[in-house]
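File shown here: entry.cif, holding mmCIF, C-alpha atoms.
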```
data_input
loop_
_atom_site.label_atom_id
_atom_site.label_comp_id
_atom_site.auth_asym_id
_atom_site.auth_seq_id
_atom_site.Cartn_x
_atom_site.Cartn_y
_atom_site.Cartn_z
CA MET P 587 27.12 4.91 19.20
CA LYS P 588 27.20 2.42 16.33
CA ALA P 589 25.40 2.99 13.04
CA LEU P 590 25.17 1.21 9.69
CA GLN P 591 26.26 3.81 7.15
CA ILE P 592 26.57 4.39 3.43
CA LYS P 593 30.25 5.27 2.99
CA LYS P 594 30.23 5.43 -0.82
CA TYR P 595 27.95 4.56 -3.72
CA GLY P 596 28.31 1.09 -5.22
CA GLU P 597 27.57 -2.56 -4.55
CA ILE P 598 26.00 -3.22 -1.16
CA LYS P 599 28.98 -5.02 0.38
CA ASP P 600 31.29 -2.20 -0.71
CA SER P 601 29.05 0.76 0.08
CA LEU P 602 27.95 -0.09 3.64
CA SER P 603 29.90 -0.30 6.90
CA ILE P 604 29.19 -0.24 10.64
CA ASN P 605 30.80 2.89 12.07
CA GLU P 606 31.17 4.55 15.46
CA ILE P 607 29.50 7.98 15.33
CA GLU P 608 28.40 10.68 17.75
CA LYS P 609 25.07 10.14 19.48
CA PRO P 610 22.56 12.68 18.07
CA SER P 611 20.86 15.35 20.17
CA VAL P 612 17.27 16.52 19.94
CA ASN P 613 15.84 19.93 19.17
CA SER P 614 12.66 21.26 20.76
CA ASN P 615 10.21 19.26 18.61
CA GLN P 616 12.12 15.97 18.30
CA ILE P 617 12.48 12.78 20.26
CA LEU P 618 15.50 10.52 20.64
CA VAL P 619 14.58 6.89 20.13
CA GLU P 620 16.67 4.03 21.47
CA VAL P 621 16.32 1.75 18.47
CA LYS P 622 15.15 -1.79 19.14
CA ALA P 623 14.55 -2.80 15.52
CA ALA P 624 14.73 -1.32 12.04
CA SER P 625 12.99 -2.67 8.97
CA ILE P 626 14.89 -2.38 5.70
CA ASN P 627 13.43 -1.55 2.31
CA PRO P 628 14.50 -1.58 -1.34
CA ILE P 629 14.74 2.21 -1.36
CA ASP P 630 17.59 1.90 1.16
CA TYR P 631 19.90 -0.18 -1.01
CA LYS P 632 18.90 1.75 -4.12
CA ILE P 633 20.17 4.87 -2.35
CA ALA P 634 23.37 3.03 -1.39
CA GLN P 635 23.89 1.89 -4.98
CA GLY P 636 23.57 5.48 -6.18
CA GLN P 637 20.34 4.91 -8.12
CA LEU P 638 18.62 7.92 -6.51
CA LYS P 639 21.44 10.46 -6.61
CA GLU P 640 19.40 12.73 -8.86
CA LEU P 641 16.54 12.93 -6.36
CA LEU P 642 18.39 12.64 -3.05
CA ALA P 643 21.61 14.55 -2.46
CA LEU P 644 23.59 13.07 0.43
CA ASN P 645 26.75 14.14 2.20
CA LEU P 646 28.44 10.78 2.73
CA PRO P 647 28.93 8.97 5.02
CA VAL P 648 25.30 8.86 6.16
CA THR P 649 23.33 6.40 8.27
CA ILE P 650 20.90 4.22 6.32
CA GLY P 651 17.26 3.37 7.02
CA PHE P 652 13.78 4.90 7.34
CA ASP P 653 11.69 2.41 9.38
CA VAL P 654 12.15 2.09 13.14
CA SER P 655 10.68 0.93 16.42
CA GLY P 656 12.10 1.57 19.85
CA VAL P 657 11.80 3.41 23.14
CA VAL P 658 11.74 7.16 23.77
CA ALA P 659 15.06 8.00 25.48
CA GLU P 660 14.90 11.82 25.38
CA LYS P 661 12.42 14.42 24.18
CA GLY P 662 12.53 18.07 23.21
CA THR P 663 11.02 20.83 25.32
CA ASP P 664 8.00 21.26 23.01
CA VAL P 665 7.10 17.55 22.86
CA SER P 666 3.96 16.76 24.87
CA ASP P 667 2.54 13.63 23.17
CA PHE P 668 5.29 11.28 24.33
CA GLU P 669 7.03 10.43 27.58
CA ILE P 670 10.40 8.85 28.31
CA GLY P 671 9.99 5.08 28.07
CA ASP P 672 7.11 5.09 25.55
CA GLU P 673 7.33 2.34 22.93
CA VAL P 674 7.05 3.97 19.51
CA TYR P 675 7.45 3.37 15.79
CA SER P 676 7.91 5.56 12.73
CA ARG P 677 8.76 5.97 9.09
CA VAL P 678 11.10 8.93 9.37
CA PRO P 679 11.15 11.77 6.81
CA GLN P 680 13.93 11.93 4.24
CA GLU P 681 15.89 14.56 6.14
CA GLU P 682 15.99 12.31 9.24
CA MET P 683 17.10 9.15 7.43
CA GLY P 684 19.25 6.97 9.65
CA THR P 685 17.31 4.38 11.65
CA VAL P 686 19.74 1.44 11.44
CA ALA P 687 21.65 2.70 14.45
CA GLU P 688 21.60 2.47 18.24
CA PHE P 689 19.75 5.80 18.47
CA ALA P 690 17.70 7.88 16.02
CA VAL P 691 16.36 11.43 16.24
CA ILE P 692 12.85 11.89 14.82
CA SER P 693 10.39 14.78 14.59
CA ALA P 694 7.68 14.01 17.14
CA ASP P 695 4.86 14.64 14.66
CA LYS P 696 6.12 11.70 12.54
CA VAL P 697 6.00 9.20 15.43
CA ALA P 698 3.23 7.04 16.94
CA LYS P 699 3.03 4.62 19.82
CA LYS P 700 3.61 1.12 18.52
CA PRO P 701 0.90 -1.56 18.60
CA GLU P 702 0.94 -3.15 22.04
CA ASN P 703 0.31 -6.72 20.91
CA ILE P 704 3.37 -7.18 18.66
CA SER P 705 7.14 -7.16 19.08
CA PHE P 706 9.52 -4.33 18.23
CA GLU P 707 10.72 -6.38 15.26
CA GLU P 708 7.20 -6.84 13.91
CA ALA P 709 6.33 -3.18 14.51
CA SER P 710 9.38 -1.92 12.64
CA GLY P 711 8.20 -3.67 9.49
CA LEU P 712 4.90 -1.80 9.28
CA PRO P 713 5.52 1.94 8.74
CA LEU P 714 6.80 2.34 5.18
CA THR P 715 4.81 -0.49 3.64
CA GLY P 716 1.67 0.29 5.63
CA ILE P 717 1.63 4.03 5.01
CA THR P 718 2.43 3.47 1.32
CA ALA P 719 -0.46 1.01 0.90
CA ILE P 720 -2.91 3.21 2.81
CA GLN P 721 -2.04 6.34 0.85
CA ALA P 722 -2.25 4.53 -2.50
CA LEU P 723 -5.59 2.90 -1.69
CA GLU P 724 -7.04 6.07 -0.19
CA LYS P 725 -6.21 7.85 -3.45
CA ALA P 726 -8.21 5.14 -5.19
CA ASP P 727 -11.11 5.79 -2.74
CA ILE P 728 -11.38 2.09 -1.93
CA LYS P 729 -14.86 1.02 -0.76
CA GLU P 730 -16.75 -2.06 0.30
CA ASP P 731 -17.30 -4.53 -2.56
CA ASN P 732 -14.75 -2.85 -4.83
CA ARG P 733 -12.99 -5.41 -7.01
CA ILE P 734 -9.26 -4.78 -6.76
CA LEU P 735 -6.14 -6.43 -8.16
CA ILE P 736 -3.05 -6.03 -5.98
CA HIS P 737 0.14 -7.00 -7.78
CA ALA P 738 2.93 -8.84 -5.92
CA GLY P 739 0.90 -9.95 -2.93
CA SER P 740 3.88 -11.52 -1.16
CA GLY P 741 5.85 -8.26 -1.10
CA GLY P 742 5.91 -5.89 1.84
CA VAL P 743 3.44 -3.38 0.38
CA GLY P 744 1.33 -6.05 -1.31
CA SER P 745 0.91 -8.19 1.80
CA PHE P 746 -0.20 -5.17 3.83
CA ALA P 747 -2.49 -3.93 1.03
CA ILE P 748 -4.30 -7.28 0.84
CA GLN P 749 -5.14 -7.14 4.53
CA TYR P 750 -6.09 -3.46 4.42
CA ALA P 751 -8.34 -3.91 1.38
CA LYS P 752 -10.08 -6.88 2.99
CA ALA P 753 -10.62 -4.85 6.17
CA LYS P 754 -12.36 -2.27 3.95
CA GLY P 755 -14.63 -4.98 2.55
CA ALA P 756 -13.10 -5.17 -0.93
CA ILE P 757 -12.95 -8.25 -3.16
CA VAL P 758 -9.24 -8.88 -3.58
CA TYR P 759 -7.33 -10.49 -6.44
CA THR P 760 -3.56 -10.73 -6.17
CA THR P 761 -0.61 -12.11 -8.11
CA THR P 762 2.29 -14.10 -6.69
CA SER P 763 4.65 -16.96 -7.54
CA SER P 764 3.79 -20.63 -7.06
CA LYS P 765 5.69 -21.02 -3.80
CA ASN P 766 3.80 -18.16 -2.14
CA VAL P 767 0.23 -19.02 -3.17
CA ASP P 768 -0.83 -20.60 0.14
CA TRP P 769 0.90 -17.92 2.22
CA VAL P 770 -0.76 -15.08 0.33
CA LYS P 771 -4.13 -16.84 0.43
CA ALA P 772 -3.82 -16.94 4.21
CA LEU P 773 -3.58 -13.13 4.23
CA GLY P 774 -7.20 -13.05 3.05
CA ALA P 775 -7.06 -12.63 -0.73
CA ASP P 776 -10.23 -13.89 -2.44
CA ARG P 777 -8.39 -15.06 -5.56
CA VAL P 778 -4.65 -15.71 -5.70
CA ILE P 779 -3.24 -15.81 -9.24
CA ASP P 780 -0.08 -17.85 -9.76
CA TYR P 781 1.52 -15.76 -12.49
CA LYS P 782 3.70 -18.70 -13.53
CA GLU P 783 0.62 -20.79 -14.32
CA GLU P 784 -2.09 -18.27 -15.23
CA ASP P 785 -2.52 -15.06 -17.23
CA TYR P 786 -3.70 -12.60 -14.61
CA LYS P 787 -5.54 -10.57 -17.26
CA GLN P 788 -7.77 -13.55 -18.02
CA VAL P 789 -8.65 -14.02 -14.36
CA ALA P 790 -9.04 -10.44 -13.12
CA ASN P 791 -10.83 -7.93 -15.31
CA ASN P 792 -13.52 -5.24 -15.24
CA LEU P 793 -11.94 -4.10 -11.97
CA ASP P 794 -12.70 -1.03 -9.89
CA ILE P 795 -9.05 -0.64 -8.87
CA VAL P 796 -5.67 -1.96 -9.95
CA PHE P 797 -2.85 -1.40 -7.45
CA ASP P 798 0.34 -1.32 -9.50
CA THR P 799 3.40 -2.26 -7.42
CA LEU P 800 5.50 -3.50 -10.36
CA GLY P 801 5.73 -0.67 -12.90
CA ASP P 802 6.98 -0.85 -16.49
CA TYR P 803 4.48 -2.60 -18.78
CA TYR P 804 2.33 -3.64 -15.80
CA THR P 805 1.33 0.00 -15.38
CA LEU P 806 0.06 0.14 -18.95
CA GLU P 807 -1.57 -3.30 -18.83
CA ALA P 808 -3.56 -2.19 -15.79
CA PHE P 809 -5.75 -0.10 -18.09
CA GLU P 810 -6.78 -3.24 -20.02
CA ILE P 811 -8.46 -4.74 -16.95
CA THR P 812 -9.84 -1.65 -15.22
CA LYS P 813 -13.46 -0.78 -15.92
CA GLU P 814 -14.53 2.60 -17.27
CA GLY P 815 -14.37 5.09 -14.43
CA GLY P 816 -12.07 2.85 -12.41
CA VAL P 817 -8.69 3.73 -10.90
CA VAL P 818 -5.13 2.65 -11.55
CA THR P 819 -3.13 3.55 -8.47
CA SER P 820 0.63 3.10 -8.70
CA ILE P 821 3.67 3.43 -6.47
CA VAL P 822 6.22 2.68 -9.21
CA GLY P 823 4.78 4.04 -12.44
CA PRO P 824 5.30 7.56 -13.78
CA PRO P 825 4.34 10.38 -11.38
CA ASP P 826 1.00 12.10 -11.72
CA GLU P 827 0.87 15.88 -11.42
CA ASP P 828 0.45 15.85 -7.63
CA SER P 829 3.39 13.50 -7.11
CA ALA P 830 5.52 15.49 -9.52
CA LYS P 831 4.99 18.59 -7.38
CA ILE P 832 6.03 16.72 -4.23
CA MET P 833 9.08 15.37 -6.05
CA GLY P 834 10.03 18.85 -7.25
CA ILE P 835 9.54 18.16 -10.97
CA PRO P 836 8.50 21.44 -12.69
CA ASN P 837 6.10 21.71 -15.65
CA TYR P 838 5.34 18.00 -15.53
CA GLN P 839 3.02 16.19 -17.92
CA LEU P 840 2.05 12.51 -18.01
CA PRO P 841 3.94 10.48 -20.62
CA GLU P 842 2.01 10.49 -23.90
CA GLU P 843 1.23 6.75 -23.93
CA LEU P 844 -0.14 6.88 -20.38
CA SER P 845 -2.12 10.06 -21.01
CA LYS P 846 -3.71 8.46 -24.08
CA LEU P 847 -4.82 5.41 -22.07
CA VAL P 848 -6.36 7.61 -19.37
CA LYS P 849 -8.49 9.39 -21.99
CA GLU P 850 -9.38 6.32 -24.08
CA LYS P 851 -10.43 4.19 -21.12
CA SER P 852 -11.89 6.98 -18.94
CA VAL P 853 -9.75 5.60 -16.11
CA VAL P 854 -8.26 7.72 -13.34
CA TYR P 855 -4.50 7.40 -12.85
CA LYS P 856 -3.01 8.11 -9.42
CA HIS P 857 0.59 7.90 -8.25
CA THR P 858 1.76 7.83 -4.65
CA TRP P 859 5.08 9.31 -3.47
CA MET P 860 4.70 8.23 0.13
CA GLN P 861 4.84 10.89 2.85
CA PRO P 862 5.40 10.02 6.55
CA ASN P 863 2.13 10.28 8.46
CA ALA P 864 1.63 9.75 12.20
CA ALA P 865 -2.18 9.65 11.90
CA GLN P 866 -1.90 6.69 9.53
CA LEU P 867 0.54 5.00 11.92
CA ASN P 868 -2.14 5.35 14.59
CA GLU P 869 -4.66 3.82 12.17
CA ILE P 870 -2.29 0.89 11.61
CA LYS P 871 -1.87 0.52 15.39
CA THR P 872 -5.64 0.28 15.85
CA MET P 873 -6.00 -2.28 13.05
CA VAL P 874 -3.13 -4.43 14.33
CA GLU P 875 -4.50 -4.44 17.86
CA ALA P 876 -7.93 -5.38 16.46
CA GLY P 877 -6.43 -8.27 14.49
CA ASP P 878 -7.28 -6.82 11.06
CA ILE P 879 -3.59 -6.47 10.13
CA LYS P 880 -0.88 -9.01 10.94
CA PRO P 881 2.80 -8.15 10.40
CA THR P 882 4.59 -10.28 7.81
CA VAL P 883 8.20 -10.91 8.81
CA ASP P 884 10.56 -13.03 6.73
CA LEU P 885 13.96 -12.90 8.44
CA ILE P 886 15.45 -11.06 11.43
CA TYR P 887 19.18 -10.24 11.38
CA ASP P 888 21.37 -9.08 14.25
CA PHE P 889 22.73 -5.57 13.87
CA LYS P 890 26.25 -6.89 13.31
CA ASP P 891 24.92 -8.75 10.25
CA GLY P 892 23.10 -5.75 8.81
CA ILE P 893 25.05 -5.74 5.55
CA ASP P 894 24.06 -9.39 5.01
CA ALA P 895 20.43 -8.37 5.59
CA TYR P 896 20.62 -5.84 2.77
CA GLU P 897 22.29 -8.31 0.42
CA TYR P 898 19.49 -10.80 1.12
CA LEU P 899 16.79 -8.17 0.56
CA ALA P 900 18.35 -7.27 -2.79
CA THR P 901 17.91 -10.87 -4.03
CA GLY P 902 14.16 -10.23 -4.19
CA ARG P 903 13.39 -13.54 -2.47
CA ALA P 904 12.01 -12.13 0.78
CA GLU P 905 8.48 -13.18 1.77
CA GLY P 906 7.44 -10.30 3.97
CA LYS P 907 9.74 -7.92 5.78
CA VAL P 908 13.47 -8.18 6.53
CA ILE P 909 14.35 -6.78 9.95
CA ILE P 910 17.55 -5.73 11.70
CA SER P 911 17.28 -6.24 15.47
CA LEU P 912 19.25 -4.17 18.00
CA THR P 913 17.88 -5.87 21.12
#
```
Represent the structure contained in this file as structure tokens.
Amino acid sequence: MKALQIKKYGEIKDSLSINEIEKPSVNSNQILVEVKAASINPIDYKIAQGQLKELLALNLPVTIGFDVSGVVAEKGTDVSDFEIGDEVYSRVPQEEMGTVAEFAVISADKVAKKPENISFEEASGLPLTGITAIQALEKADIKEDNRILIHAGSGGVGSFAIQYAKAKGAIVYTTTSSKNVDWVKALGADRVIDYKEEDYKQVANNLDIVFDTLGDYYTLEAFEITKEGGVVTSIVGPPDEDSAKIMGIPNYQLPEELSKLVKEKSVVYKHTWMQPNAAQLNEIKTMVEAGDIKPTVDLIYDFKDGIDAYEYLATGRAEGKVIISLT
């Protein structure tokens, strides 16, 4: 079968190639998915560029990708929740990375049936961004009427988080660039802040939750606009103690500047290191079928143009998800 693989670390065009590899086989608790579409994410090309070598040891060459939708082609002897021919989707665990390929093997407990009212391409764009947003906002204990700022509302995680927060009854502020204001507003945000024209800290303040998707100084600035007892929930800032354990960082403590802000402002700081979760995929399925969540797809590339897809994603200009189609 054909697979898009990382052959060496470096620039995208040099590190990736489409190779012919052996079709994988399943063990007793896995399913073999005939891939119809695979969503791509920044973590993929960061791995290819060698940015995550310290955290993720790979034996190259290795197939790239974590998001997938497709059809069950085979199943292990212990798999009872799926049948051959079921349409499914998943964010695969780290050890099963390799979804940009004609077939992918996945642990059955990390898979869910895909929403019935959307295409394979749309479904493949939901797992990583959706699960990430849900886990981050659940850690913040999001409730009806909470006032929340979601940074980068036109990004994959941000666009899902806006819709999820609105479905929970929250009052949503979000930041984006001028060209995306109308598009993000259509996702349901109550107040869209054009960061090129406005200071977001003057518009959104005394918030219950800030969802930090940008990191660096944005993580620290979040404490300026969160009310006492509020929550800063981040997917890019420094780990908290729980995330550090998941990431295998021993004897971890919050950076001094961040720890000081937590104490001074009486604000809770949470960090999410996303973990694959089939129950949350089923929650996404229900919300999509109910119309509460709509997939946001920017461009769809043919498999043969997969390297071009990653180069486009790395420009940072995508509005929604970038998809590689194998249909």
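Residues matched by the PyMOL selection byres ((chain P and resi 676-690) around 6) in this file: Lys588, Ala589, Leu590, Leu618, Val619, Glu620, Val621, Ala624, Thr649, Ile650, Gly651, Phe652, Asp653, Val654, Tyr675, Val691, Val697, Pro713, Leu714 and Pro862 of chain P.
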Legend entry - Polymer residues at most 10 Å from range 877-879 of chain P, only C-alpha atoms, same-chain spacing of 5 or more positions, as a ChimeraX atom specification: /P:703,712,716,745-750,752-754,773,870-872
Which residues are near Tyr804 in chain P? Cut-off 10 Å, all atoms listed in the file, ignore same chain within fewer than 3 positions. Put them as a CSV table (one decimal) with C-alpha atoms, keeping the file's coordinate frame.
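Contents of selection33.csv, freshly written:
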```csv
chain,number,residue,atom,x,y,z
P,737,HIS,CA,0.1,-7.0,-7.8
P,798,ASP,CA,0.3,-1.3,-9.5
P,799,THR,CA,3.4,-2.3,-7.4
P,800,LEU,CA,5.5,-3.5,-10.4
P,801,GLY,CA,5.7,-0.7,-12.9
P,807,GLU,CA,-1.6,-3.3,-18.8
P,808,ALA,CA,-3.6,-2.2,-15.8
P,809,PHE,CA,-5.8,-0.1,-18.1
P,820,SER,CA,0.6,3.1,-8.7
P,822,VAL,CA,6.2,2.7,-9.2
P,823,GLY,CA,4.8,4.0,-12.4
```
Inset, instruction - Point out the residue among P:Ile626, P:Ile757, P:Val665, P:Leu899 with the least atom-to-atom distance to Lys696 in chain P, counting all atoms listed in the file. - result: P:Val665
Inset, instruction - Fewer than 3 positions away in the same chain doesn't count, so skip those; otherwise give me all residues within 7 Å of range 786-796 of chain P, counting all atoms listed in the file, as a list of chain:residue names. - result: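 Contacts, in chain order: P:Ala726, P:Asn732, P:Arg733, P:Ile734, P:Leu735, P:Ile736, P:Tyr759, P:Ile779, P:Tyr781, P:Ala808, P:Ile811, P:Thr812, P:Lys813, P:Gly816, P:Val817, P:Val818, P:Thr819.
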Mind checking which residues fall within 12 Å of Ile835 in chain P, counting all atoms listed in the file, ignoring those fewer than 6 positions away in the same chain, and posting them as a tab-separated table (two decimals) with C-alpha atoms, in the frame of the given file?
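After the write, out.tsv holds the following:
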```
chain	number	residue	atom	x	y	z
P	640	GLU	CA	19.40	12.73	-8.86
P	641	LEU	CA	16.54	12.93	-6.36
P	824	PRO	CA	5.30	7.56	-13.78
P	825	PRO	CA	4.34	10.38	-11.38
P	826	ASP	CA	1.00	12.10	-11.72
P	827	GLU	CA	0.87	15.88	-11.42
P	828	ASP	CA	0.45	15.85	-7.63
P	829	SER	CA	3.39	13.50	-7.11
```
Inset, instruction - Can you turn the PyMOL selection byres ((chain P and resi 644-647) around 8) into a concrete residue list for this file, as a list in words? - result: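 On this input, the PyMOL selection byres ((chain P and resi 644-647) around 8) captures Gln591, Ile592, Lys593, Lys594, Lys639, Leu642, Ala643, Val648 and Thr649 of chain P.
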Inset, instruction - Quick one: apply the PyMOL selection byres ((chain P and resi 725) around 10) to the file and drop the selected residues here as number ranges by chain. - result: P: 719-724, 726-728, 817-820, 855-858
Legend entry - For Lys890 in chain P, the nearest of the candidates P:Ser705, P:Asn837, P:Thr913, P:Asn868, counting all atoms listed in the file: P:Thr913
Legend entry - Two-atom distance - CA of Ile617 in chain P, CA of Ile692 in chain P (Å):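 We find that CA of Ile617 in chain P and CA of Ile692 in chain P lie 5.5 Å from each other.
Taking CA of Asp780 in chain P and CA of Ile629 in chain P as endpoints, the distance between them is 26.3 Å.
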Legend entry - Distance of CA of Val908 in chain P from CA of Asn627 in chain P, expressed in Å to one decimal place: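 Atom-to-atom, CA of Asn627 in chain P to CA of Val908 in chain P, that is 7.9 Å.
The smallest atom-to-atom distance between Asp731 in chain P and any of P:Ala756, P:Glu875, P:Trp769, P:Gly711, using all atoms listed in the file, is found for P:Ala756.
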Inset, instruction - Might you pull out every residue within 12 Å of Ala772 in chain P, with all atoms listed in the file counted and same-chain residues fewer than 4 positions away left off, and present them as a PyMOL selection string? - result: chain P and resi 739-740+745+748-749+752+766-768+776-778+880+882
Assuming 4 Å of padding per side, give the centre and edge lengths of the axis-aligned box around every listed atom of range 637-641 of chain P, in Å to one decimal and as JSON.
```
{"center_x": 19.0, "center_y": 8.9, "center_z": -7.6, "size_x": 12.9, "size_y": 16.0, "size_z": 10.5}
```
Legend entry - Residue nearest Ser601 in chain P - candidates P:Met587, P:Ile717, P:Ala634, P:Ala659, atoms counted: all atoms listed in the file: P:Ala634
Legend entry - Using only C-alpha atoms: which of P:Ser845, P:Ser693, P:Glu673, P:Asn615 has the shortest distance to Ala864 in chain P: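 Using only C-alpha atoms, the shortest distance to Ala864 in chain P belongs to P:Ser693.
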